[in-house]
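Structure first, commentary second.
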Amino acid sequence: MSHAPSGTPVTALPGVRLWMRRLLGDLRAGKSCLCLFPQAQLTGVPAAAEALLDELLHELADFVLVPAPGDGAAPGSLAPAPPPPAPSDPWGGTDPILDYDDGLSAFSAVRAHDAAVPQARAASAPDVQREESGVPALADRIAKELGDSVSGEYQGGHTGIEGLLERLTTAAGGPDATRVIVVRGWREPAPTAATDLLRRLSATVKAAGLPPGRRPRLLVLATSAGLPVELPEQIAREDVGVHWWWGALGRLDTATVVAMARPRPSGPAARHQLLEAVAQATVVEVCGPFLDLAARLAVEWDGLPDSLPSQLRLLTAGPVPDPIPVPGPRKTEPTAALLHPNASLRPEWNLGTLDRWDGRLRRRPDGAGEHEHSVRARIWLAQNHALLPLLDEAREQFTEVIGVRSRLPATELAVLYGQRAEMELGAMWRAHLQGHVRLTQPEADRLRTLWMSRNKLAHRTTLDNSALEALVHVLCS
């Protein structure tokens, strides 16, 4: 999904802007970069990864976009066309301050001409050797974009990959040598060609001792398909940054998409605003970083907790994906410490069913029976976050009623049920049942609803439709 339901580009979301700024910061500091995306971002039209690339190119302004084999010359590769209008950015030009650690998964996302995506496979040593033949071809295309294909030979007498590296790391390269060279790895026939070139360039730059302002920079955008598992860690170093599309989205991003997707409530303002707040919190908590699911659920769900599991089953109905081997019990998986998906998590990450959100691993929810308990737990968590502050406020207000209706001296009441200012709803209800506090019927009904709601949430029990409606009525009256 490249746009939120309201038409606002996903690239304008604060978590995405923050992720891009980190990447652009590395490039502007003279680093080459490898960006790794799940294969799920290369499906759909337009591709989410391509939409993100468009925004990155707009920010870079001066770049060389290397055409894929069979493409014509990349438009604007030597003299980039004026960048498209920048999307409206409601957060302004400053870095967003997020309440949570990094935290769009599920960009659904490939342009029509990118529909064919290489299938994931582990690259064995023979595969890597065979694919190294793609490096000279990639080097030739880069050279052509830099304008050196006419002579086919560089000042030092070298051609091919050696000539390109020499061209980029010597003074003869001129200003073109410092422009960011952008390679879309998913469109390369040899998956390791771009990463092999990145490693060669890094070693050559280091040997040449170039300062950051004169270093050639390569930006490779790829998936982990066909790459050796250990390759990203091998590439990461002082002069090369590796950026995973992992934990890029946070709670604020999901909440923004949900708020834009939800239809406007109708009816009494206070009651509907509270129900809407609980509904939005529930969609955010249940869907996490999977923005496509969050947007659809926000539009199609009626906001009542009893109907959410069935609505989720309806939205997630479809072909069952192939089983994914995940070695070891899930309880041993680290959470906040995971800076990128490890080898055991990468298959799920590539399918777009796993991400890091709000500091924890999050798997894409569905309506399967074995997952319903997890969905119910997240509904409870959302209700807990949205309603507990209001219940605490209502409890504080009801202490005034207890003071007026008490049939015991304040000191004796405190001995039996605790200090009035700190008295819990359950203690107030017991005082009423014992006849130590005389309440009117409406006051008793209100207290009972508040106490039962607070008690259920305290025991991790979800409020069903009738309980939620009753509590909202009491809180808004």
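Labels for the structure tokens follow display order: chains A, B, ..., residues from 1 in each chain, ligands from 1.
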
TODO: Write out as a ChimeraX atom specification which residues come within 6 Å of range 378-392 of chain A when counting only C-alpha atoms, dropping same-chain ones fewer than 3 positions away.
DONE: /A:278,281-282,285-286,375,395,462

Open item on the list: Please list as an MDAnalysis selection string every residue within 8 Å of Ala29 in chain A, counting only C-alpha atoms and excluding residues in the same chain fewer than 3 positions away.
Closed with: chainID A and resid 25:26 212:213

Open item on the list: Among range 271-451 of chain A, which ones does DSSP assign to alpha helix (DSSP H) (computed from the backbone)? Answer as a PyMOL selection string.
Closed with: chain A and resi 271-287+291-300+308-316+346-351+372-405+410-417+425-433+441-451

Task: Å distance separating CA of Thr223 in chain A from CA of Thr178 in chain A, one decimal place - done: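 For CA of Thr223 in chain A relative to CA of Thr178 in chain A, the distance reads 25.3 Å.
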
Proximity of range 202-252 of chain A to range 56-71 of chain A: per-residue shortest pair, 12 Å limit, only C-alpha atoms, as a Markdown table:
```
| residue | atom | partner | partner_atom | distance |
| --- | --- | --- | --- | --- |
| A:Pro216 | CA | A:Phe63 | CA | 11.2 |
| A:Arg217 | CA | A:Phe63 | CA | 9.8 |
| A:Leu218 | CA | A:Val64 | CA | 9.5 |
| A:Leu219 | CA | A:Leu65 | CA | 9.6 |
| A:Val220 | CA | A:Val66 | CA | 10.3 |
| A:Leu221 | CA | A:Leu56 | CA | 11.1 |
```

Just to be explicit: take each residue in the selection above, keep N, CA and C atoms, and write the result as a compact mmCIF listing (two decimals), in the first residue's frame.
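Here's the written file out25.txt:
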```txt
# COMPACT_ATOMS: atom_id res chain seq x y z
N PRO A 216 32.82 8.08 -3.75
CA PRO A 216 31.67 7.62 -4.54
C PRO A 216 30.74 6.83 -3.64
N ARG A 217 29.43 6.96 -3.88
CA ARG A 217 28.46 6.30 -3.02
C ARG A 217 27.52 5.46 -3.86
N LEU A 218 27.31 4.24 -3.40
CA LEU A 218 26.42 3.30 -4.07
C LEU A 218 25.24 3.02 -3.15
N LEU A 219 24.04 3.21 -3.64
CA LEU A 219 22.83 2.89 -2.89
C LEU A 219 22.19 1.68 -3.56
N VAL A 220 22.23 0.55 -2.87
CA VAL A 220 21.67 -0.71 -3.38
C VAL A 220 20.40 -1.02 -2.61
N LEU A 221 19.30 -1.17 -3.34
CA LEU A 221 18.03 -1.56 -2.73
C LEU A 221 17.71 -2.97 -3.20
```
